[in-house]
>>> print(open('work-v3.txt').read())   # compact mmCIF, C-alpha atoms
# COMPACT_ATOMS: atom_id res chain seq x y z
CA MET A 1 -16.07 -14.05 -0.42
CA ASP A 2 -13.73 -11.41 0.90
CA HIS A 3 -11.66 -10.96 -2.23
CA LYS A 4 -14.64 -10.57 -4.54
CA ARG A 5 -17.51 -9.08 -2.61
CA ASN A 6 -15.91 -7.52 0.43
CA ALA A 7 -18.37 -9.36 2.63
CA PHE A 8 -16.15 -8.90 5.67
CA ASP A 9 -15.47 -5.22 5.25
CA PHE A 10 -16.92 -4.44 8.64
CA LEU A 11 -14.69 -7.01 10.32
CA ARG A 12 -11.69 -5.77 8.39
CA SER A 13 -12.23 -2.14 9.29
CA SER A 14 -12.66 -2.90 13.00
CA LEU A 15 -9.58 -5.13 13.01
CA SER A 16 -7.66 -2.42 11.17
CA LEU A 17 -8.58 0.02 13.90
CA GLY A 18 -7.12 -2.50 16.36
CA VAL A 19 -3.77 -2.68 14.58
CA TYR A 20 -3.65 1.08 13.92
CA PRO A 21 -1.41 1.78 16.95
CA ILE A 22 1.13 -0.78 15.72
CA GLN A 23 1.23 0.90 12.32
CA GLN A 24 1.68 4.27 13.98
CA ILE A 25 4.58 2.94 16.07
CA VAL A 26 6.28 1.61 12.97
CA ASN A 27 5.75 4.93 11.21
CA ILE A 28 7.41 6.93 14.02
CA PRO A 29 11.05 6.68 12.78
CA SER A 30 10.26 7.86 9.26
CA ALA A 31 7.94 10.58 10.54
CA ALA A 32 10.68 11.71 12.92
CA SER A 33 13.28 11.76 10.17
CA ASP A 34 10.91 13.81 8.02
CA TYR A 35 10.39 16.21 10.87
CA LEU A 36 14.13 16.53 11.46
CA SER A 37 14.98 17.00 7.81
CA GLU A 38 12.32 19.72 7.63
CA ASN A 39 13.53 21.51 10.71
CA LEU A 40 17.28 21.07 10.56
CA VAL A 41 18.12 22.70 7.24
CA SER A 42 20.46 25.59 6.70
CA ARG A 43 19.17 29.05 5.87
CA GLY A 44 20.83 28.95 2.45
CA THR A 45 19.00 25.78 1.50
CA LEU A 46 15.73 27.30 2.62
CA VAL A 47 16.29 30.46 0.62
CA ASP A 48 17.17 28.38 -2.44
CA ARG A 49 14.06 26.30 -1.97
CA ILE A 50 11.83 29.33 -1.55
CA GLN A 51 13.21 30.85 -4.71
CA GLU A 52 12.71 27.65 -6.61
CA LEU A 53 9.15 27.32 -5.32
CA GLN A 54 8.44 30.93 -6.22
CA ARG A 55 9.62 30.38 -9.77
CA GLU A 56 7.56 27.24 -10.02
CA ASN A 57 4.59 28.99 -8.50
CA THR A 58 4.74 31.88 -10.97
CA LEU A 59 4.83 29.47 -13.88
CA SER A 60 2.00 27.38 -12.44
CA LYS A 61 -0.11 30.45 -11.76
CA ALA A 62 0.37 31.70 -15.29
CA ARG A 63 -0.70 28.34 -16.63
CA LEU A 64 -3.61 28.24 -14.22
CA LEU A 65 -4.86 31.59 -15.47
CA LYS A 66 -4.95 30.25 -18.97
CA LEU A 67 -6.51 27.03 -17.74
CA GLU A 68 -9.33 28.90 -16.05
CA ALA A 69 -10.13 30.76 -19.22
CA LEU A 70 -10.05 27.51 -21.16
CA GLU A 71 -12.21 25.82 -18.57
CA HIS A 72 -14.89 28.45 -18.83
CA GLU A 73 -14.75 28.34 -22.57
CA ASN A 74 -15.02 24.58 -22.44
CA ILE A 75 -18.06 24.71 -20.16
CA ARG A 76 -19.70 27.29 -22.42
CA LEU A 77 -19.08 25.19 -25.52
CA ARG A 78 -20.33 22.06 -23.83
CA ALA A 79 -23.43 23.91 -22.73
CA LEU A 80 -23.99 24.81 -26.36
CA LEU A 81 -23.62 21.14 -27.26
CA ASP A 82 -25.96 20.13 -24.42
CA SER A 83 -23.44 17.75 -22.88
CA SER A 84 -22.79 17.70 -19.19
CA PHE A 85 -19.25 17.84 -17.92
CA GLU A 86 -18.12 17.93 -14.33
CA VAL A 87 -15.09 20.10 -13.92
CA GLY A 88 -14.98 20.92 -10.25
CA GLU A 89 -13.29 18.26 -8.19
CA ARG A 90 -12.64 18.50 -4.51
CA VAL A 91 -9.23 17.28 -3.41
CA SER A 92 -7.62 16.67 -0.08
CA ILE A 93 -4.06 15.74 0.84
CA ALA A 94 -3.15 12.57 2.71
CA GLU A 95 0.16 11.03 3.64
CA ILE A 96 1.50 7.55 3.12
CA ILE A 97 2.11 5.60 6.30
CA ARG A 98 5.41 3.88 5.74
CA VAL A 99 4.71 0.28 6.61
CA ASP A 100 5.27 -2.76 4.44
CA MET A 101 2.11 -4.51 3.34
CA ASP A 102 1.70 -7.87 1.65
CA PRO A 103 4.90 -8.18 -0.44
CA TYR A 104 3.03 -9.81 -3.33
CA LYS A 105 0.83 -6.79 -3.96
CA HIS A 106 1.51 -3.15 -4.74
CA HIS A 107 -0.55 -1.69 -1.95
CA VAL A 108 0.16 1.26 0.32
CA LEU A 109 -1.49 2.56 3.45
CA ILE A 110 -2.60 6.19 3.77
CA ASN A 111 -3.40 8.12 6.92
CA LYS A 112 -7.01 9.00 6.11
CA GLY A 113 -9.98 6.70 6.38
CA SER A 114 -13.75 6.56 6.40
CA TRP A 115 -13.84 9.16 9.18
CA ASP A 116 -12.35 11.59 6.65
CA ASN A 117 -14.96 10.60 4.04
CA VAL A 118 -12.59 8.39 2.10
CA PHE A 119 -14.62 5.78 0.26
CA ARG A 120 -13.89 2.53 -1.53
CA LEU A 121 -12.82 2.89 -5.20
CA GLN A 122 -11.91 6.53 -4.68
CA PRO A 123 -9.27 7.71 -7.20
CA ILE A 124 -5.85 8.70 -5.83
CA LEU A 125 -3.47 11.10 -7.58
CA ASP A 126 -0.15 12.72 -6.91
CA ALA A 127 1.25 15.93 -8.37
CA ASN A 128 2.44 14.14 -11.52
CA GLY A 129 -0.39 11.77 -12.32
CA VAL A 130 -2.70 8.98 -11.29
CA LEU A 131 -1.50 6.71 -8.48
CA GLY A 132 -4.31 4.24 -7.97
CA GLN A 133 -7.54 3.76 -6.07
CA VAL A 134 -8.74 2.92 -2.59
CA VAL A 135 -9.52 -0.76 -2.03
CA HIS A 136 -10.31 -0.92 1.68
CA THR A 137 -11.17 1.75 4.18
CA SER A 138 -11.01 1.62 7.93
CA PRO A 139 -11.90 4.52 10.24
CA LYS A 140 -8.38 5.98 10.37
CA THR A 141 -6.49 4.44 7.44
CA SER A 142 -7.19 3.20 3.93
CA GLN A 143 -5.46 0.75 1.70
CA VAL A 144 -4.62 1.94 -1.80
CA ILE A 145 -3.88 -0.26 -4.80
CA LEU A 146 -1.29 1.29 -7.12
CA ILE A 147 -1.68 1.26 -10.89
CA SER A 148 1.42 -0.96 -11.10
CA ASP A 149 -0.26 -3.85 -9.24
CA PRO A 150 -0.74 -6.85 -11.56
CA ASP A 151 -4.42 -6.90 -10.55
CA HIS A 152 -5.03 -3.33 -11.60
CA ALA A 153 -6.22 -1.98 -14.95
CA ILE A 154 -7.03 1.60 -15.82
CA PRO A 155 -8.88 2.90 -18.90
CA VAL A 156 -6.61 5.32 -20.74
CA GLN A 157 -6.57 7.44 -23.85
CA LEU A 158 -3.70 8.62 -26.02
CA ASN A 159 -3.52 12.34 -25.51
CA ARG A 160 -2.34 12.99 -29.07
CA SER A 161 -4.71 10.85 -31.10
CA GLY A 162 -7.53 10.11 -28.70
CA PHE A 163 -7.16 6.35 -29.13
CA ARG A 164 -8.63 4.53 -26.14
CA SER A 165 -7.11 1.51 -24.45
CA ILE A 166 -6.49 -0.12 -21.10
CA ALA A 167 -3.23 0.05 -19.14
CA LEU A 168 -2.49 -3.00 -17.02
CA GLY A 169 -0.14 -3.13 -14.06
CA THR A 170 2.77 -5.54 -14.40
CA GLY A 171 4.06 -5.91 -10.85
CA THR A 172 7.10 -3.82 -11.74
CA THR A 173 6.91 -0.30 -10.37
CA GLY A 174 8.07 1.56 -13.46
CA ARG A 175 6.12 -0.30 -16.13
CA LEU A 176 2.55 -0.58 -17.35
CA GLU A 177 1.40 -2.66 -20.28
CA LEU A 178 -1.08 -1.84 -23.03
CA PRO A 179 -2.05 -5.19 -24.48
CA TYR A 180 -4.82 -4.23 -26.91
CA ILE A 181 -3.18 -1.79 -29.32
CA PRO A 182 -3.50 -2.87 -32.97
CA ASN A 183 -0.26 -2.86 -34.99
CA ASN A 184 -1.37 -0.02 -37.22
CA THR A 185 -2.35 2.40 -34.45
CA ASP A 186 -0.88 5.89 -34.51
CA ILE A 187 1.31 5.66 -31.42
CA LYS A 188 4.84 6.91 -30.78
CA ILE A 189 7.39 6.61 -28.02
CA GLY A 190 6.91 9.53 -25.62
CA ASP A 191 3.14 9.77 -26.16
CA LEU A 192 1.22 10.75 -23.05
CA LEU A 193 -1.57 8.51 -21.81
CA ILE A 194 -4.35 10.20 -19.89
CA THR A 195 -7.36 8.78 -18.08
CA SER A 196 -10.27 8.39 -20.44
CA GLY A 197 -12.97 8.50 -17.78
CA LEU A 198 -14.60 5.36 -19.13
CA GLY A 199 -15.67 3.01 -16.39
CA GLY A 200 -16.59 5.91 -14.18
CA ARG A 201 -13.93 5.37 -11.54
CA PHE A 202 -11.28 7.87 -12.52
CA PRO A 203 -12.00 11.45 -13.55
CA SER A 204 -11.00 11.96 -17.17
CA GLY A 205 -7.98 13.94 -18.34
CA TYR A 206 -5.33 13.17 -15.75
CA PRO A 207 -1.91 11.96 -16.94
CA VAL A 208 -1.22 8.28 -16.28
CA ALA A 209 1.92 7.23 -18.14
CA THR A 210 4.21 7.93 -21.08
CA VAL A 211 4.85 5.34 -23.75
CA THR A 212 8.38 3.95 -23.53
CA GLU A 213 8.48 0.95 -25.82
CA ILE A 214 6.56 -0.28 -28.86
CA ILE A 215 7.22 -3.68 -30.38
CA THR A 216 5.09 -4.51 -33.39
CA ASN A 217 4.65 -8.20 -34.06
CA PRO A 218 3.67 -8.63 -37.72
CA GLY A 219 2.35 -12.11 -36.98
CA LYS A 220 -0.01 -10.98 -34.26
CA PRO A 221 -2.97 -8.60 -34.25
CA PHE A 222 -1.70 -6.49 -31.33
CA ALA A 223 1.56 -4.68 -30.65
CA THR A 224 3.39 -4.95 -27.34
CA VAL A 225 3.37 -1.51 -25.80
CA SER A 226 4.96 -0.55 -22.48
CA ALA A 227 4.54 2.72 -20.63
CA GLU A 228 6.08 4.34 -17.61
CA PRO A 229 3.77 5.88 -14.99
CA THR A 230 4.17 9.64 -14.68
CA ALA A 231 3.52 9.49 -10.94
CA LYS A 232 6.58 8.42 -9.00
CA LEU A 233 5.11 5.29 -7.52
CA ASP A 234 8.12 4.27 -5.45
CA GLN A 235 8.95 7.60 -3.87
CA ILE A 236 5.61 9.10 -3.04
CA LYS A 237 5.03 10.77 0.30
CA GLU A 238 1.94 12.87 -0.14
CA ILE A 239 -1.06 11.95 -2.23
CA LEU A 240 -4.25 13.66 -3.35
CA LEU A 241 -7.67 12.19 -2.69
CA VAL A 242 -10.29 13.23 -5.23
CA TRP A 243 -14.00 13.67 -4.70
CA ARG A 244 -15.86 14.14 -7.92
CA GLY A 245 -18.51 16.79 -8.14
CA GLY A 246 -17.74 18.11 -4.69
CA PRO A 247 -19.69 20.93 -3.04
CA GLU A 248 -17.75 23.71 -4.74
CA LYS A 249 -18.62 22.74 -8.27
CA ASN A 250 -17.59 25.90 -9.98
CA SER A 251 -14.36 26.49 -8.12
CA PRO A 252 -11.15 25.99 -10.07
CA GLN A 253 -9.45 22.66 -9.86
CA PHE A 254 -7.03 22.13 -6.99
CA ASN A 255 -8.45 25.08 -5.17
CA TYR A 256 -6.64 24.06 -2.00
CA ASP A 257 -3.23 23.97 -3.65
CA TYR A 258 -3.81 27.29 -5.31
CA GLN A 259 -4.60 29.12 -2.10
CA ASN A 260 -1.77 27.45 -0.28
CA SER A 261 0.83 28.44 -2.82
CA SER A 262 -0.41 32.04 -3.05
CA ASN A 263 0.09 32.34 0.70
CA GLN A 264 3.60 31.07 0.33
CA THR A 265 4.39 33.66 -2.31
CA ASP A 266 3.17 36.45 -0.07
CA ASN A 267 5.40 35.25 2.71
CA GLY A 268 8.31 34.95 0.36
CA LYS A 269 7.76 38.48 -0.91
CA GLN A 270 7.62 39.85 2.58
CA SER A 271 10.80 38.13 3.64
CA GLY A 272 12.45 39.19 0.41
CA GLY A 273 11.44 42.81 1.05
CA LYS A 274 13.08 42.75 4.42
CA MET B 1 -1.77 -16.56 41.34
CA SER B 2 -4.28 -14.61 39.35
CA ILE B 3 -2.07 -11.51 39.33
CA ILE B 4 0.89 -13.49 38.08
CA ARG B 5 -1.28 -15.00 35.40
CA HIS B 6 -2.46 -11.59 34.41
CA GLN B 7 1.08 -10.26 34.21
CA SER B 8 2.31 -13.17 32.18
CA GLY B 9 -0.54 -12.75 29.74
CA TRP B 10 0.75 -9.25 29.19
CA VAL B 11 4.19 -10.64 28.29
CA ILE B 12 2.72 -12.94 25.65
CA LEU B 13 0.76 -10.05 24.17
CA ALA B 14 3.89 -7.87 24.10
CA THR B 15 5.84 -10.49 22.15
CA ILE B 16 3.02 -10.76 19.63
CA VAL B 17 2.93 -6.98 19.20
CA ALA B 18 6.71 -6.95 18.76
CA ALA B 19 6.35 -9.66 16.11
CA PHE B 20 3.74 -7.54 14.30
CA ILE B 21 6.08 -4.55 14.37
CA LEU B 22 8.86 -6.65 12.85
CA LEU B 23 6.40 -7.78 10.18
CA ILE B 24 5.59 -4.30 8.88
CA VAL B 25 8.82 -2.39 9.51
CA PRO B 26 9.96 -1.10 6.11
CA ILE B 27 12.97 -3.02 4.79
CA PRO B 28 14.64 -3.05 1.35
CA GLU B 29 12.46 -4.56 -1.33
CA THR B 30 14.91 -7.37 -2.09
CA LEU B 31 14.78 -8.60 1.49
CA GLU B 32 11.03 -8.28 1.74
CA TYR B 33 10.32 -11.74 0.39
CA ALA B 34 12.72 -13.32 2.88
CA ARG B 35 11.05 -11.73 5.89
CA PRO B 36 10.16 -14.55 8.28
CA GLU B 37 6.63 -14.96 9.64
CA PHE B 38 7.49 -13.50 13.04
CA ALA B 39 3.97 -13.68 14.44
CA LEU B 40 3.60 -17.36 13.53
CA LEU B 41 7.01 -18.13 15.07
CA ALA B 42 6.02 -16.37 18.30
CA VAL B 43 2.73 -18.27 18.45
CA ILE B 44 4.54 -21.56 17.81
CA TYR B 45 6.99 -20.79 20.61
CA TRP B 46 4.27 -20.00 23.16
CA CYS B 47 2.35 -23.02 22.00
CA LEU B 48 5.39 -25.27 22.62
CA ALA B 49 6.12 -23.67 25.97
CA ILE B 50 2.63 -23.34 27.44
CA PRO B 51 0.24 -25.34 25.26
CA GLU B 52 -2.46 -25.21 27.93
CA ARG B 53 -2.72 -21.42 27.51
CA VAL B 54 -1.79 -20.62 23.93
CA GLY B 55 -3.42 -22.80 21.33
CA ILE B 56 -5.56 -22.86 18.26
CA PHE B 57 -7.86 -20.02 19.25
CA SER B 58 -4.94 -17.66 19.97
CA ALA B 59 -3.40 -18.63 16.64
CA TRP B 60 -6.66 -17.81 14.90
CA MET B 61 -6.87 -14.41 16.57
CA VAL B 62 -3.26 -13.57 15.71
CA GLY B 63 -3.80 -14.67 12.12
CA LEU B 64 -6.88 -12.50 11.81
CA LEU B 65 -5.00 -9.47 13.11
CA GLN B 66 -2.15 -10.14 10.71
CA ASP B 67 -4.63 -10.20 7.85
CA ALA B 68 -5.83 -6.75 8.87
CA LEU B 69 -2.24 -5.58 9.30
CA GLN B 70 -0.96 -6.71 5.93
CA GLY B 71 -4.15 -6.22 3.97
CA THR B 72 -4.42 -9.82 2.85
CA MET B 73 -7.75 -11.56 2.44
CA ILE B 74 -9.51 -11.74 5.82
CA GLY B 75 -9.07 -15.24 7.25
CA LEU B 76 -6.12 -16.28 5.09
CA HIS B 77 -3.44 -16.11 7.76
CA ALA B 78 -6.03 -17.11 10.37
CA LEU B 79 -6.67 -20.39 8.54
CA THR B 80 -3.05 -21.32 7.92
CA PHE B 81 -1.99 -20.33 11.47
CA THR B 82 -4.78 -22.49 12.90
CA LEU B 83 -3.70 -25.53 10.89
CA ILE B 84 0.00 -25.11 11.74
CA VAL B 85 -0.70 -24.62 15.44
CA TYR B 86 -2.95 -27.66 15.42
CA ILE B 87 0.07 -29.73 14.36
CA VAL B 88 2.19 -28.09 17.05
CA VAL B 89 -0.43 -28.80 19.72
CA LYS B 90 -0.58 -32.42 18.61
CA PHE B 91 3.18 -32.97 18.69
CA TYR B 92 4.48 -30.47 21.24
CA HIS B 93 5.83 -33.27 23.49
CA ARG B 94 8.12 -34.49 20.77
CA ILE B 95 9.16 -31.08 19.44
CA ARG B 96 9.93 -29.74 22.91
CA VAL B 97 12.45 -32.45 23.85
CA SER B 98 14.22 -32.61 20.51
CA PRO B 99 17.61 -30.86 20.08
CA ILE B 100 17.67 -27.38 18.61
CA TRP B 101 18.84 -28.36 15.11
CA SER B 102 16.02 -30.85 14.91
CA GLN B 103 13.61 -28.16 16.05
CA CYS B 104 14.90 -25.96 13.24
CA LEU B 105 14.02 -28.67 10.73
CA THR B 106 10.55 -29.00 12.25
CA ILE B 107 10.09 -25.24 12.03
CA LEU B 108 11.27 -25.30 8.43
CA PHE B 109 8.63 -27.93 7.70
CA LEU B 110 5.87 -26.00 9.51
CA LEU B 111 6.72 -22.70 7.85
CA GLY B 112 6.94 -24.44 4.49
CA LEU B 113 3.51 -25.93 5.05
CA HIS B 114 2.17 -22.50 5.95
CA GLN B 115 3.60 -21.03 2.76
CA LEU B 116 2.30 -23.92 0.70
CA LEU B 117 -1.25 -23.40 2.00
CA PHE B 118 -0.88 -19.66 1.56
CA ARG B 119 0.27 -20.03 -2.02
CA TRP B 120 -2.46 -22.52 -2.72
CA ILE B 121 -5.25 -20.22 -1.54
CA TYR B 122 -3.63 -17.30 -3.34
CA GLY B 123 -3.71 -19.40 -6.48
CA PHE B 124 -7.42 -20.04 -5.97
CA THR B 125 -8.12 -16.34 -6.00
CA GLY B 126 -6.32 -15.89 -9.29
CA ARG B 127 -2.93 -14.55 -8.24
CA SER B 128 0.53 -15.95 -8.53
CA VAL B 129 3.15 -15.24 -5.91
CA GLY B 130 6.52 -15.13 -7.56
CA ASP B 131 9.12 -17.79 -8.01
CA LEU B 132 11.47 -19.99 -6.03
CA TYR B 133 12.52 -16.95 -4.06
CA TYR B 134 9.12 -17.12 -2.37
CA TRP B 135 10.26 -20.00 -0.18
CA SER B 136 13.19 -18.04 1.30
CA ALA B 137 10.83 -16.83 4.05
CA SER B 138 10.62 -20.38 5.46
CA LEU B 139 14.38 -20.78 5.35
CA SER B 140 15.08 -17.47 7.08
CA GLY B 141 12.48 -18.32 9.73
CA ALA B 142 14.14 -21.67 10.42
CA ILE B 143 17.58 -20.07 10.61
CA LEU B 144 16.32 -17.42 13.02
CA TRP B 145 14.49 -19.95 15.20
CA PRO B 146 17.37 -20.67 17.68
CA PHE B 147 17.73 -16.93 18.44
CA LEU B 148 14.00 -16.40 18.75
CA PHE B 149 13.71 -19.50 20.89
CA ALA B 150 16.51 -18.36 23.21
CA SER B 151 15.20 -14.81 23.57
CA LEU B 152 11.60 -15.85 24.14
CA ARG B 153 12.71 -18.48 26.66
CA PHE B 154 14.69 -15.78 28.45
CA LEU B 155 11.59 -13.59 28.58
CA ARG B 156 9.47 -16.48 29.77
CA ARG B 157 11.85 -17.28 32.63
CA GLN B 158 12.40 -13.63 33.50
CA PHE B 159 8.67 -13.01 33.90
CA SER B 160 7.94 -16.60 35.01
CA VAL B 161 5.20 -17.12 32.45
CA SER B 162 3.52 -20.44 33.02
>>> encode(input="work-v3.txt", output="structure tokens")
Amino acid sequence: MDHKRNAFDFLRSSLSLGVYPIQQIVNIPSAASDYLSENLVSRGTLVDRIQELQRENTLSKARLLKLEALEHENIRLRALLDSSFEVGERVSIAEIIRVDMDPYKHHVLINKGSWDNVFRLQPILDANGVLGQVVHTSPKTSQVILISDPDHAIPVQLNRSGFRSIALGTGTTGRLELPYIPNNTDIKIGDLLITSGLGGRFPSGYPVATVTEIITNPGKPFATVSAEPTAKLDQIKEILLVWRGGPEKNSPQFNYDYQNSSNQTDNGKQSGGK
Amino acid sequence: MSIIRHQSGWVILATIVAAFILLIVPIPETLEYARPEFALLAVIYWCLAIPERVGIFSAWMVGLLQDALQGTMIGLHALTFTLIVYIVVKFYHRIRVSPIWSQCLTILFLLGLHQLLFRWIYGFTGRSVGDLYYWSASLSGAILWPFLFASLRFLRRQFSVS
């Protein structure tokens, strides 16, 4: 009942609220060490970091400018073709609560729940790619299944050739499997896999993994293909929650990040001027 | 009397919370499979010590909370905890008077049974849970039992829980 239909979701979310303080207590040491490592750094390190972020920010902004132009062009072309395409996605940042969950699953706990409008099956990203999706929500926390969980499958597409497939989790953090790739498919090591948007859960076009290994078996119809997730599944701290077709439909993607980083640049410029 | 009872209830609750904290504290991934079922061990201890107060219902409640804590199927730990504690309630006279090494063997059996049931139900829902390494949690629990027993008994005497 519970594992298929979530019949006890109400019970689970109220119980989760009950154990929330325990999870918070366990999270205190790592939160404290984060706080200390943020606050007890030397000036030189900070200056280095600001410079690095500025460089990164300039590059990202330049790419974003181009992206915006492309996005508008894309929308215009799609309008000509009469096909609808949702571009604007609302994102919000959440943090991972560092507690160990069931050791036989690849699940993590995040610090936002149904009170922050997180919903079941919501896609989760990080800065490098897709992480997974929400499986249970409680008022203050939600449980996220990672794409590396053996129970998880995500519809993907080869960025180069457009070939669609499914990437299955293997239970090993750095490896996904693509079981249904015919031997004669145009696929190479290093190819990027992006979400295809089929199935309607994940927005299309986000990077998922890069192909690392292809073994063709002449005796079998399908090749054995492994891929490595682009998101760093074992060292994530902050994640992005995505709402599709949010209120600001025509705003550029990752509006929040954009504004945030532009503020940082201004500050950096000011301090550099002084 | 009622105040003392109230206070002692608080001690039991505190040990359960401590067990929960030990259950979810991040540890290296290789050790994660060998993490003993602290909450079950605490419930078994209280059930051996004061079976008239801690019994099947408490075990069920603790199991339910652990399900919420670890994100397992709701009722999975609750069911196995209830069954294990039923055995403890049935045989607490014998377990209580046996020497500590014999208690360790009993605990090993009980934890093994818990893991067997757990694995069985997991299998029903279409998952497999690893290899032989899976059973190390029972072994570590049995090895830790003398220390847990001693510390919980100390707490019980210190706060005169009865």
>>> closest_atom_pairs(input="work-v3.txt", of="chain A", to="chain B", cutoff="12 Å", atoms="all atoms listed in the file", output="tab-separated table")
residue	atom	partner	partner_atom	distance
A:Met1	CA	B:Met73	CA	9.1
A:Asp2	CA	B:Met73	CA	6.2
A:His3	CA	B:Met73	CA	6.1
A:Lys4	CA	B:Thr125	CA	8.8
A:Arg5	CA	B:Met73	CA	11.3
A:Asn6	CA	B:Met73	CA	9.3
A:Ala7	CA	B:Ile74	CA	9.7
A:Phe8	CA	B:Ile74	CA	7.2
A:Asp9	CA	B:Ile74	CA	8.9
A:Phe10	CA	B:Ile74	CA	10.8
A:Leu11	CA	B:Ile74	CA	8.3
A:Arg12	CA	B:Ala68	CA	6.0
A:Ser13	CA	B:Ala68	CA	7.9
A:Ser14	CA	B:Ala68	CA	8.9
A:Leu15	CA	B:Ala68	CA	5.8
A:Ser16	CA	B:Ala68	CA	5.2
A:Leu17	CA	B:Ala68	CA	8.9
A:Gly18	CA	B:Leu65	CA	8.0
A:Val19	CA	B:Leu69	CA	6.2
A:Tyr20	CA	B:Leu69	CA	8.2
A:Pro21	CA	B:Val17	CA	10.0
A:Ile22	CA	B:Ile21	CA	6.4
A:Gln23	CA	B:Ile21	CA	7.6
A:Gln24	CA	B:Ile21	CA	9.9
A:Ile25	CA	B:Ile21	CA	7.8
A:Val26	CA	B:Val25	CA	5.9
A:Asn27	CA	B:Val25	CA	8.1
A:Ile28	CA	B:Val25	CA	10.4
A:Pro29	CA	B:Val25	CA	9.9
A:Ser30	CA	B:Pro26	CA	9.5
A:Ile97	CA	B:Pro26	CA	10.3
A:Arg98	CA	B:Pro26	CA	6.8
A:Val99	CA	B:Ile24	CA	5.2
A:Asp100	CA	B:Ile24	CA	4.7
A:Met101	CA	B:Gln70	CA	4.6
A:Asp102	CA	B:Gln70	CA	5.2
A:Pro103	CA	B:Glu32	CA	6.5
A:Tyr104	CA	B:Val129	CA	6.0
A:Lys105	CA	B:Val129	CA	9.0
A:His106	CA	B:Gly71	CA	10.8
A:His107	CA	B:Gly71	CA	8.3
A:Val108	CA	B:Gly71	CA	9.4
A:Leu109	CA	B:Gly71	CA	9.2
A:Val135	CA	B:Gly71	CA	9.7
A:His136	CA	B:Gly71	CA	8.4
A:Thr137	CA	B:Gly71	CA	10.6
A:Ser138	CA	B:Ala68	CA	9.9
A:Thr141	CA	B:Leu69	CA	11.0
A:Ser142	CA	B:Gly71	CA	9.9
A:Gln143	CA	B:Gly71	CA	7.4
A:Val144	CA	B:Gly71	CA	10.0
A:Ile145	CA	B:Gly71	CA	10.6
A:Asp149	CA	B:Arg127	CA	11.1
A:Pro150	CA	B:Arg127	CA	8.7
A:Asp151	CA	B:Arg127	CA	8.1
A:His152	CA	B:Arg127	CA	11.9
A:Gly171	CA	B:Gly130	CA	10.1
A:Thr172	CA	B:Glu29	CA	11.7
A:Thr173	CA	B:Glu29	CA	11.4
A:Asp234	CA	B:Glu29	CA	10.7
>>> residues_around(input="work-v3.txt", residues="Val134 of chain A", least_positions_apart="5", cutoff="12 Å", atoms="all atoms listed in the file", output="PDB file with C-alpha atoms, in the frame of the given file")
ATOM      1  CA  HIS A 107      -0.550  -1.690  -1.950  1.00  0.00           C
ATOM      2  CA  VAL A 108       0.160   1.260   0.320  1.00  0.00           C
ATOM      3  CA  LEU A 109      -1.490   2.560   3.450  1.00  0.00           C
ATOM      4  CA  ILE A 110      -2.600   6.190   3.770  1.00  0.00           C
ATOM      5  CA  LYS A 112      -7.010   9.000   6.110  1.00  0.00           C
ATOM      6  CA  GLY A 113      -9.980   6.700   6.380  1.00  0.00           C
ATOM      7  CA  SER A 114     -13.750   6.560   6.400  1.00  0.00           C
ATOM      8  CA  ASN A 117     -14.960  10.600   4.040  1.00  0.00           C
ATOM      9  CA  VAL A 118     -12.590   8.390   2.100  1.00  0.00           C
ATOM     10  CA  PHE A 119     -14.620   5.780   0.260  1.00  0.00           C
ATOM     11  CA  ARG A 120     -13.890   2.530  -1.530  1.00  0.00           C
ATOM     12  CA  LEU A 121     -12.820   2.890  -5.200  1.00  0.00           C
ATOM     13  CA  GLN A 122     -11.910   6.530  -4.680  1.00  0.00           C
ATOM     14  CA  PRO A 123      -9.270   7.710  -7.200  1.00  0.00           C
ATOM     15  CA  ILE A 124      -5.850   8.700  -5.830  1.00  0.00           C
ATOM     16  CA  LEU A 125      -3.470  11.100  -7.580  1.00  0.00           C
ATOM     17  CA  THR A 141      -6.490   4.440   7.440  1.00  0.00           C
ATOM     18  CA  SER A 142      -7.190   3.200   3.930  1.00  0.00           C
ATOM     19  CA  GLN A 143      -5.460   0.750   1.700  1.00  0.00           C
ATOM     20  CA  VAL A 144      -4.620   1.940  -1.800  1.00  0.00           C
ATOM     21  CA  ILE A 145      -3.880  -0.260  -4.800  1.00  0.00           C
ATOM     22  CA  LEU A 146      -1.290   1.290  -7.120  1.00  0.00           C
ATOM     23  CA  ILE A 147      -1.680   1.260 -10.890  1.00  0.00           C
ATOM     24  CA  HIS A 152      -5.030  -3.330 -11.600  1.00  0.00           C
ATOM     25  CA  ARG A 201     -13.930   5.370 -11.540  1.00  0.00           C
ATOM     26  CA  PHE A 202     -11.280   7.870 -12.520  1.00  0.00           C
ATOM     27  CA  ILE A 239      -1.060  11.950  -2.230  1.00  0.00           C
ATOM     28  CA  LEU A 240      -4.250  13.660  -3.350  1.00  0.00           C
ATOM     29  CA  LEU A 241      -7.670  12.190  -2.690  1.00  0.00           C
ATOM     30  CA  VAL A 242     -10.290  13.230  -5.230  1.00  0.00           C
TER      31      VAL A 242
END
>>> atom_distance(input="work-v3.txt", atom1="atom CA of Ile96 of chain A", atom2="atom CA of Trp135 of chain B")
29.1 Å
>>> residues_around(input="work-v3.txt", residues="segment 109-116 of chain B", least_positions_apart="4", cutoff="8 Å", atoms="only C-alpha atoms", output="PyMOL selection string")
chain B and resi 37+80-81+84+105+120+135+138+141-142
>>> atom_distance(input="work-v3.txt", atom1="atom CA of Cys104 of chain B", atom2="atom CA of Pro51 of chain B")
19.0 Å
>>> residues_near_point(input="work-v3.txt", point="(-11.5, 9.9, -12.9)", cutoff="12 Å", atoms="all atoms listed in the file", output="number ranges by chain")
A: 86-89, 121-125, 129-133, 154-156, 194-208, 241-245
